[in-house]
>>> print(open('run_16.pdb').read())   # PDB, C-alpha atoms
ATOM      1  CA  MET X 967    -106.274-121.802  37.605
ATOM      2  CA  THR X 968    -104.918-120.616  34.243
ATOM      3  CA  ILE X 969    -106.261-121.923  30.921
ATOM      4  CA  ASP X 970    -102.941-123.670  30.165
ATOM      5  CA  ARG X 971    -102.974-125.521  33.503
ATOM      6  CA  LEU X 972    -106.639-126.382  32.965
ATOM      7  CA  LYS X 973    -105.879-127.815  29.530
ATOM      8  CA  LYS X 974    -102.976-129.873  30.853
ATOM      9  CA  LYS X 975    -104.806-131.133  33.938
ATOM     10  CA  TYR X 976    -107.883-132.340  32.033
ATOM     11  CA  GLY X 977    -106.252-133.676  28.888
ATOM     12  CA  PHE X 978    -106.967-130.882  26.435
ATOM     13  CA  THR X 979    -104.301-131.671  23.867
ATOM     14  CA  ALA X 980    -104.287-130.009  20.439
ATOM     15  CA  SER X 981    -105.663-133.299  19.084
ATOM     16  CA  ASN X 982    -108.528-133.367  21.623
ATOM     17  CA  ILE X 983    -109.429-129.721  20.976
ATOM     18  CA  SER X 984    -109.617-130.323  17.216
ATOM     19  CA  LYS X 985    -111.726-133.450  17.924
ATOM     20  CA  ILE X 986    -114.192-131.346  19.956
ATOM     21  CA  GLN X 987    -114.280-128.657  17.245
ATOM     22  CA  LYS X 988    -114.965-131.301  14.571
ATOM     23  CA  ALA X 989    -117.715-132.940  16.700
ATOM     24  CA  VAL X 990    -119.382-129.538  17.263
ATOM     25  CA  SER X 991    -119.086-128.698  13.555
ATOM     26  CA  ASP X 992    -120.537-132.097  12.549
ATOM     27  CA  ALA X 993    -123.428-131.651  14.994
ATOM     28  CA  GLU X 994    -124.191-128.219  13.559
ATOM     29  CA  ASN X 995    -124.041-129.511   9.944
ATOM     30  CA  GLY X 996    -126.220-132.531  10.707
ATOM     31  CA  SER X 997    -129.008-130.427  12.171
ATOM     32  CA  GLU X 998    -130.288-126.909  12.513
ATOM     33  CA  GLY X 999    -128.701-126.767  15.943
ATOM     34  CA  GLU X1000    -126.027-124.251  16.842
ATOM     35  CA  VAL X1001    -123.599-125.622  19.427
ATOM     36  CA  VAL X1002    -121.474-123.601  21.860
ATOM     37  CA  PHE X1003    -118.847-125.175  24.137
ATOM     38  CA  ALA X1004    -117.989-123.354  27.403
ATOM     39  CA  ILE X1005    -115.591-124.320  30.186
ATOM     40  CA  SER X1006    -115.362-122.646  33.588
ATOM     41  CA  PRO X1007    -112.856-123.259  36.441
ATOM     42  CA  SER X1008    -115.823-123.286  38.881
ATOM     43  CA  SER X1009    -119.484-122.335  38.983
ATOM     44  CA  ALA X1010    -119.392-120.410  42.268
ATOM     45  CA  PHE X1011    -117.254-119.184  45.118
ATOM     46  CA  TYR X1012    -117.773-121.546  48.045
ATOM     47  CA  THR X1013    -116.475-119.128  50.683
ATOM     48  CA  SER X1014    -119.307-119.663  53.175
ATOM     49  CA  TRP X1015    -118.609-123.426  53.382
ATOM     50  CA  GLU X1016    -114.863-122.774  53.581
ATOM     51  CA  LEU X1017    -115.395-120.321  56.448
ATOM     52  CA  VAL X1018    -117.586-122.825  58.330
ATOM     53  CA  PHE X1019    -114.968-125.555  57.784
ATOM     54  CA  ALA X1020    -112.178-123.294  59.137
ATOM     55  CA  GLY X1021    -114.412-122.092  62.001
ATOM     56  CA  ILE X1022    -115.146-125.647  63.166
ATOM     57  CA  PHE X1023    -111.438-126.500  63.362
ATOM     58  CA  SER X1024    -110.523-123.237  65.101
ATOM     59  CA  ILE X1025    -113.253-123.789  67.750
ATOM     60  CA  LEU X1026    -112.030-127.367  68.126
ATOM     61  CA  SER X1027    -108.467-126.121  68.710
ATOM     62  CA  PHE X1028    -109.764-123.798  71.452
ATOM     63  CA  VAL X1029    -111.732-126.603  73.127
ATOM     64  CA  ILE X1030    -108.660-128.862  73.041
ATOM     65  CA  MET X1031    -106.497-126.151  74.675
ATOM     66  CA  ILE X1032    -108.861-125.471  77.614
ATOM     67  CA  PRO X1033    -107.820-128.516  79.723
ATOM     68  CA  PHE X1034    -104.162-127.648  79.037
ATOM     69  CA  SER X1035    -104.406-123.972  80.044
ATOM     70  CA  SER X1036    -102.294-124.483  83.194
ATOM     71  CA  ARG X1037     -99.578-126.214  81.134
ATOM     72  CA  ILE X1038     -99.756-123.389  78.594
ATOM     73  CA  GLU X1039     -99.247-120.921  81.459
ATOM     74  CA  VAL X1040     -96.169-122.845  82.660
ATOM     75  CA  PHE X1041     -94.839-122.945  79.111
ATOM     76  CA  LEU X1042     -95.320-119.184  78.682
ATOM     77  CA  LYS X1043     -93.632-118.483  82.045
ATOM     78  CA  SER X1044     -90.622-120.481  80.867
ATOM     79  CA  ILE X1045     -90.348-118.274  77.764
ATOM     80  CA  PHE X1046     -91.034-114.828  79.230
ATOM     81  CA  TRP X1047     -89.377-113.368  82.324
ATOM     82  CA  GLN X1048     -92.509-111.670  83.395
ATOM     83  CA  SER X1049     -95.830-113.419  82.941
ATOM     84  CA  HIS X1050     -99.104-111.529  82.884
ATOM     85  CA  SER X1051    -102.590-112.909  83.406
ATOM     86  CA  TYR X1052    -103.595-112.065  79.835
ATOM     87  CA  PHE X1053    -100.768-114.117  78.237
ATOM     88  CA  VAL X1054    -102.707-117.411  78.270
ATOM     89  CA  PRO X1055    -105.914-116.110  76.618
ATOM     90  CA  LEU X1056    -103.790-114.116  74.154
ATOM     91  CA  PHE X1057    -101.801-117.241  73.262
ATOM     92  CA  MET X1058    -105.009-119.256  72.868
ATOM     93  CA  LEU X1059    -106.527-116.557  70.656
ATOM     94  CA  MET X1060    -103.392-116.556  68.505
ATOM     95  CA  VAL X1061    -103.579-120.362  68.098
ATOM     96  CA  VAL X1062    -107.296-120.142  67.201
ATOM     97  CA  LEU X1063    -106.618-117.461  64.568
ATOM     98  CA  ILE X1064    -103.689-119.367  63.047
ATOM     99  CA  THR X1065    -105.785-122.565  62.988
ATOM    100  CA  PHE X1066    -108.607-120.668  61.274
ATOM    101  CA  LEU X1067    -106.265-119.265  58.629
ATOM    102  CA  VAL X1068    -104.552-122.606  57.949
ATOM    103  CA  PHE X1069    -107.828-124.515  57.592
ATOM    104  CA  PHE X1070    -109.358-121.764  55.449
ATOM    105  CA  LEU X1071    -106.386-122.092  53.074
ATOM    106  CA  ILE X1072    -106.750-125.885  53.106
ATOM    107  CA  ALA X1073    -110.475-125.505  52.320
ATOM    108  CA  ASN X1074    -109.554-123.530  49.192
ATOM    109  CA  ILE X1075    -107.921-126.587  47.630
ATOM    110  CA  SER X1076    -110.272-127.940  44.937
ATOM    111  CA  PHE X1077    -110.226-131.501  46.303
ATOM    112  CA  VAL X1078    -111.171-130.285  49.800
ATOM    113  CA  ASP X1079    -113.888-128.005  48.386
ATOM    114  CA  ARG X1080    -115.469-131.046  46.747
ATOM    115  CA  LEU X1081    -115.450-132.804  50.144
ATOM    116  CA  ILE X1082    -116.906-129.986  52.261
ATOM    117  CA  VAL X1083    -119.477-128.444  49.907
ATOM    118  CA  PRO X1084    -122.698-130.479  49.706
ATOM    119  CA  ARG X1085    -123.080-132.186  46.317
ATOM    120  CA  ARG X1086    -126.623-130.842  45.953
ATOM    121  CA  ALA X1087    -125.377-127.250  46.389
ATOM    122  CA  MET X1088    -122.646-127.766  43.787
ATOM    123  CA  LYS X1089    -125.114-129.221  41.284
ATOM    124  CA  SER X1090    -127.446-126.271  41.845
ATOM    125  CA  PHE X1091    -124.649-123.741  41.262
ATOM    126  CA  VAL X1092    -123.540-125.573  38.097
ATOM    127  CA  GLU X1093    -127.127-125.559  36.810
ATOM    128  CA  LYS X1094    -127.464-121.803  37.419
ATOM    129  CA  LYS X1095    -124.093-121.023  35.834
ATOM    130  CA  ALA X1096    -124.908-123.172  32.785
ATOM    131  CA  LEU X1097    -128.214-121.334  32.296
ATOM    132  CA  SER X1098    -126.522-117.933  32.681
ATOM    133  CA  GLN X1099    -123.826-118.986  30.155
ATOM    134  CA  PHE X1100    -126.597-120.087  27.795
ATOM    135  CA  VAL X1101    -128.050-116.574  27.912
ATOM    136  CA  LEU X1102    -124.701-114.703  27.955
ATOM    137  CA  SER X1103    -123.358-116.635  24.954
ATOM    138  CA  ASP X1104    -126.483-115.478  23.056
ATOM    139  CA  ILE X1105    -127.116-119.068  21.932
ATOM    140  CA  CYS X1106    -130.689-118.578  23.167
ATOM    141  CA  SER X1107    -131.480-116.193  20.309
ATOM    142  CA  THR X1108    -131.131-118.541  17.335
ATOM    143  CA  LYS X1109    -133.859-118.152  14.715
ATOM    144  CA  LYS X1110    -135.568-121.506  15.299
ATOM    145  CA  ARG X1111    -134.640-121.771  19.011
ATOM    146  CA  THR X1112    -132.113-124.537  18.255
ATOM    147  CA  GLY X1113    -129.200-123.448  20.449
ATOM    148  CA  ILE X1114    -127.189-126.005  22.434
ATOM    149  CA  LEU X1115    -124.665-125.178  25.152
ATOM    150  CA  ILE X1116    -122.160-127.761  26.386
ATOM    151  CA  PHE X1117    -120.986-126.373  29.727
ATOM    152  CA  VAL X1118    -118.098-127.857  31.731
ATOM    153  CA  SER X1119    -117.504-126.781  35.337
ATOM    154  CA  VAL X1120    -114.078-128.056  36.338
ATOM    155  CA  LEU X1121    -114.011-127.752  40.146
ATOM    156  CA  GLU X1122    -117.361-129.523  40.480
ATOM    157  CA  HIS X1123    -116.529-132.198  37.869
ATOM    158  CA  GLU X1124    -119.882-131.496  36.236
ATOM    159  CA  VAL X1125    -121.025-131.186  32.621
ATOM    160  CA  ARG X1126    -124.376-129.677  31.639
ATOM    161  CA  ILE X1127    -125.984-129.573  28.227
ATOM    162  CA  VAL X1128    -128.585-126.845  27.904
ATOM    163  CA  CYS X1129    -130.852-127.032  24.852
ATOM    164  CA  ASP X1130    -133.302-124.505  23.545
ATOM    165  CA  LYS X1131    -136.987-125.210  22.891
ATOM    166  CA  GLY X1132    -136.524-126.188  19.227
ATOM    167  CA  ILE X1133    -134.065-128.964  20.129
ATOM    168  CA  LEU X1134    -136.089-130.219  23.107
ATOM    169  CA  ASN X1135    -139.210-130.523  20.905
ATOM    170  CA  ALA X1136    -137.351-133.130  18.803
ATOM    171  CA  THR X1137    -135.486-134.846  21.670
ATOM    172  CA  ASN X1138    -135.784-135.104  25.437
ATOM    173  CA  GLN X1139    -133.577-133.777  28.237
ATOM    174  CA  ALA X1140    -132.785-137.300  29.533
ATOM    175  CA  GLU X1141    -130.819-138.051  26.340
ATOM    176  CA  TRP X1142    -128.773-134.883  26.787
ATOM    177  CA  ASP X1143    -128.183-135.710  30.467
ATOM    178  CA  ASP X1144    -126.771-139.121  29.416
ATOM    179  CA  ILE X1145    -124.403-137.413  26.973
ATOM    180  CA  ALA X1146    -123.365-134.964  29.717
ATOM    181  CA  SER X1147    -122.635-137.906  32.071
ATOM    182  CA  GLU X1148    -120.430-139.523  29.405
ATOM    183  CA  LEU X1149    -118.552-136.259  28.900
ATOM    184  CA  ALA X1150    -118.070-135.861  32.680
ATOM    185  CA  LYS X1151    -116.685-139.395  32.801
ATOM    186  CA  GLY X1152    -114.194-138.437  30.084
ATOM    187  CA  PHE X1153    -113.031-135.455  32.133
ATOM    188  CA  SER X1154    -112.543-137.593  35.238
ATOM    189  CA  GLU X1155    -110.424-140.007  33.163
ATOM    190  CA  LYS X1156    -108.424-137.047  31.781
ATOM    191  CA  ASP X1157    -109.643-137.765  28.249
ATOM    192  CA  PRO X1158    -112.428-135.270  27.529
ATOM    193  CA  THR X1159    -113.010-136.723  24.070
ATOM    194  CA  CYS X1160    -113.263-140.428  24.972
ATOM    195  CA  SER X1161    -117.024-140.380  24.318
ATOM    196  CA  ILE X1162    -116.591-138.655  20.935
ATOM    197  CA  VAL X1163    -116.250-141.227  18.169
TER     198      VAL X1163
END
>>> encode(input="run_16.pdb", output="structure tokens")
Amino acid sequence: MTIDRLKKKYGFTASNISKIQKAVSDAENGSEGEVVFAISPSSAFYTSWELVFAGIFSILSFVIMIPFSSRIEVFLKSIFWQSHSYFVPLFMLMVVLITFLVFFLIANISFVDRLIVPRRAMKSFVEKKALSQFVLSDICSTKKRTGILIFVSVLEHEVRIVCDKGILNATNQAEWDDIASELAKGFSEKDPTCSIV
């Protein structure tokens, strides 16, 4: 998904972006904290779950065809002048492969990914990606350990706020988790700044 489509889909208007920038700037001025905002289309590739999803439906298509193999043979004889014994298994294999491909493509739709990938796995991937972004953005090397990362993972509909030691000494993670939940709610309502006053 391109940045422009991402902005449009989740309500990132010029007004909302300037609101976020102002909120980050105000937070930095009001404390010794340094805030970084990061947004990612997804936190992981969920190919293994997509392959399992497609595999289940392709096996199911094969199982459904077995009782109809004699009808499939009659159908193939009506199409081809000469029918060979391998036509039926070849036809069934072709149907299984097409089914696999179609359902793999369906599994790559964001909405379907959210249905087939376990929520716990998604949360774990978001957590790992947020921590890696915290390190990669170099927010972890502030002088007084007061870095804050606001990380949004779009596919998973998750927001994480990662704070360095200096911030967590003055606050607790539960407060930041509540703020992250409010931000996630704003994204789901297509107004990412609804929780920013």
>>> closest_atom_pairs(input="run_16.pdb", of="range 1038-1063 of chain X", to="range 1002-1026 of chain X", cutoff="12 Å", atoms="all atoms listed in the file", output="tab-separated table")
residue	atom	partner	partner_atom	distance
X:Met1058	CA	X:Ser1024	CA	10.3
X:Leu1059	CA	X:Ser1024	CA	9.6
X:Met1060	CA	X:Ser1024	CA	10.3
X:Val1061	CA	X:Ser1024	CA	8.1
X:Val1062	CA	X:Ser1024	CA	4.9
X:Leu1063	CA	X:Ser1024	CA	7.0
>>> atom_distance(input="run_16.pdb", atom1="CA of Lys1131 in chain X", atom2="CA of Ser1090 in chain X")
21.2 Å
>>> closest_residue(input="run_16.pdb", among="X:Leu1102, X:Ile1064, X:Val1001, X:Val1054", to="Glu1039 in chain X", atoms="all atoms listed in the file")
X:Val1054
>>> axis_aligned_box(input="run_16.pdb", around="range 1004-1010 of chain X", padding_each_side="6 Å", output="JSON")
{"center_x": -116.2, "center_y": -122.4, "center_z": 34.8, "size_x": 18.6, "size_y": 15.9, "size_z": 26.9}
>>> atom_distance(input="run_16.pdb", atom1="CA of Ala1136 in chain X", atom2="CA of Lys1089 in chain X")
25.9 Å
>>> resolve_selection(input="run_16.pdb", expression="the PyMOL selection byres ((chain X and resi 1091) around 12)", output="PyMOL selection string")
chain X and resi 1008-1012+1083-1090+1092-1098+1119+1121-1122+1124-1126
>>> decode(input="run_16.pdb", residues="range 1020-1076 of chain X", atoms="C-alpha atoms", output="JSON list (two decimals), in the first residue's frame")
[["chain", "number", "residue", "atom", "x", "y", "z"],
["X", 1020, "ALA", "CA", -4.94, -21.81, 0.90],
["X", 1021, "GLY", "CA", -3.78, -25.39, 1.58],
["X", 1022, "ILE", "CA", -6.88, -26.20, 3.65],
["X", 1023, "PHE", "CA", -9.21, -25.03, 0.87],
["X", 1024, "SER", "CA", -7.26, -26.83, -1.86],
["X", 1025, "ILE", "CA", -7.35, -30.12, 0.12],
["X", 1026, "LEU", "CA", -11.06, -29.54, 0.72],
["X", 1027, "SER", "CA", -11.63, -29.10, -3.03],
["X", 1028, "PHE", "CA", -9.86, -32.42, -3.66],
["X", 1029, "VAL", "CA", -11.94, -34.22, -1.02],
["X", 1030, "ILE", "CA", -15.14, -32.80, -2.52],
["X", 1031, "MET", "CA", -14.16, -34.01, -6.03],
["X", 1032, "ILE", "CA", -13.42, -37.63, -5.00],
["X", 1033, "PRO", "CA", -17.08, -38.80, -4.90],
["X", 1034, "PHE", "CA", -17.66, -37.08, -8.26],
["X", 1035, "SER", "CA", -14.66, -38.64, -10.05],
["X", 1036, "SER", "CA", -16.87, -40.81, -12.30],
["X", 1037, "ARG", "CA", -18.91, -37.74, -13.31],
["X", 1038, "ILE", "CA", -15.68, -35.85, -13.95],
["X", 1039, "GLU", "CA", -14.56, -38.71, -16.20],
["X", 1040, "VAL", "CA", -17.84, -38.54, -18.16],
["X", 1041, "PHE", "CA", -17.48, -34.77, -18.45],
["X", 1042, "LEU", "CA", -13.90, -35.09, -19.75],
["X", 1043, "LYS", "CA", -14.95, -37.77, -22.27],
["X", 1044, "SER", "CA", -17.59, -35.38, -23.60],
["X", 1045, "ILE", "CA", -14.92, -32.72, -24.20],
["X", 1046, "PHE", "CA", -12.07, -34.82, -25.60],
["X", 1047, "TRP", "CA", -12.37, -37.38, -28.40],
["X", 1048, "GLN", "CA", -9.90, -39.66, -26.79],
["X", 1049, "SER", "CA", -9.91, -40.07, -23.04],
["X", 1050, "HIS", "CA", -6.90, -41.38, -21.15],
["X", 1051, "SER", "CA", -6.80, -42.81, -17.65],
["X", 1052, "TYR", "CA", -4.64, -39.93, -16.40],
["X", 1053, "PHE", "CA", -7.14, -37.21, -17.46],
["X", 1054, "VAL", "CA", -9.19, -37.40, -14.24],
["X", 1055, "PRO", "CA", -6.27, -37.10, -11.77],
["X", 1056, "LEU", "CA", -4.73, -34.40, -13.98],
["X", 1057, "PHE", "CA", -8.00, -32.45, -13.97],
["X", 1058, "MET", "CA", -8.30, -32.84, -10.19],
["X", 1059, "LEU", "CA", -4.71, -31.68, -9.70],
["X", 1060, "MET", "CA", -5.40, -28.64, -11.88],
["X", 1061, "VAL", "CA", -8.50, -27.76, -9.81],
["X", 1062, "VAL", "CA", -6.52, -28.18, -6.56],
["X", 1063, "LEU", "CA", -3.73, -25.90, -7.83],
["X", 1064, "ILE", "CA", -6.17, -23.23, -9.06],
["X", 1065, "THR", "CA", -8.05, -23.40, -5.73],
["X", 1066, "PHE", "CA", -4.75, -23.01, -3.87],
["X", 1067, "LEU", "CA", -3.76, -19.98, -5.93],
["X", 1068, "VAL", "CA", -7.17, -18.29, -5.63],
["X", 1069, "PHE", "CA", -7.36, -18.75, -1.86],
["X", 1070, "PHE", "CA", -3.74, -17.66, -1.40],
["X", 1071, "LEU", "CA", -4.58, -14.42, -3.23],
["X", 1072, "ILE", "CA", -7.72, -14.01, -1.11],
["X", 1073, "ALA", "CA", -5.62, -14.56, 2.05],
["X", 1074, "ASN", "CA", -3.41, -11.63, 1.02],
["X", 1075, "ILE", "CA", -6.29, -9.19, 1.45],
["X", 1076, "SER", "CA", -5.73, -7.25, 4.70]]
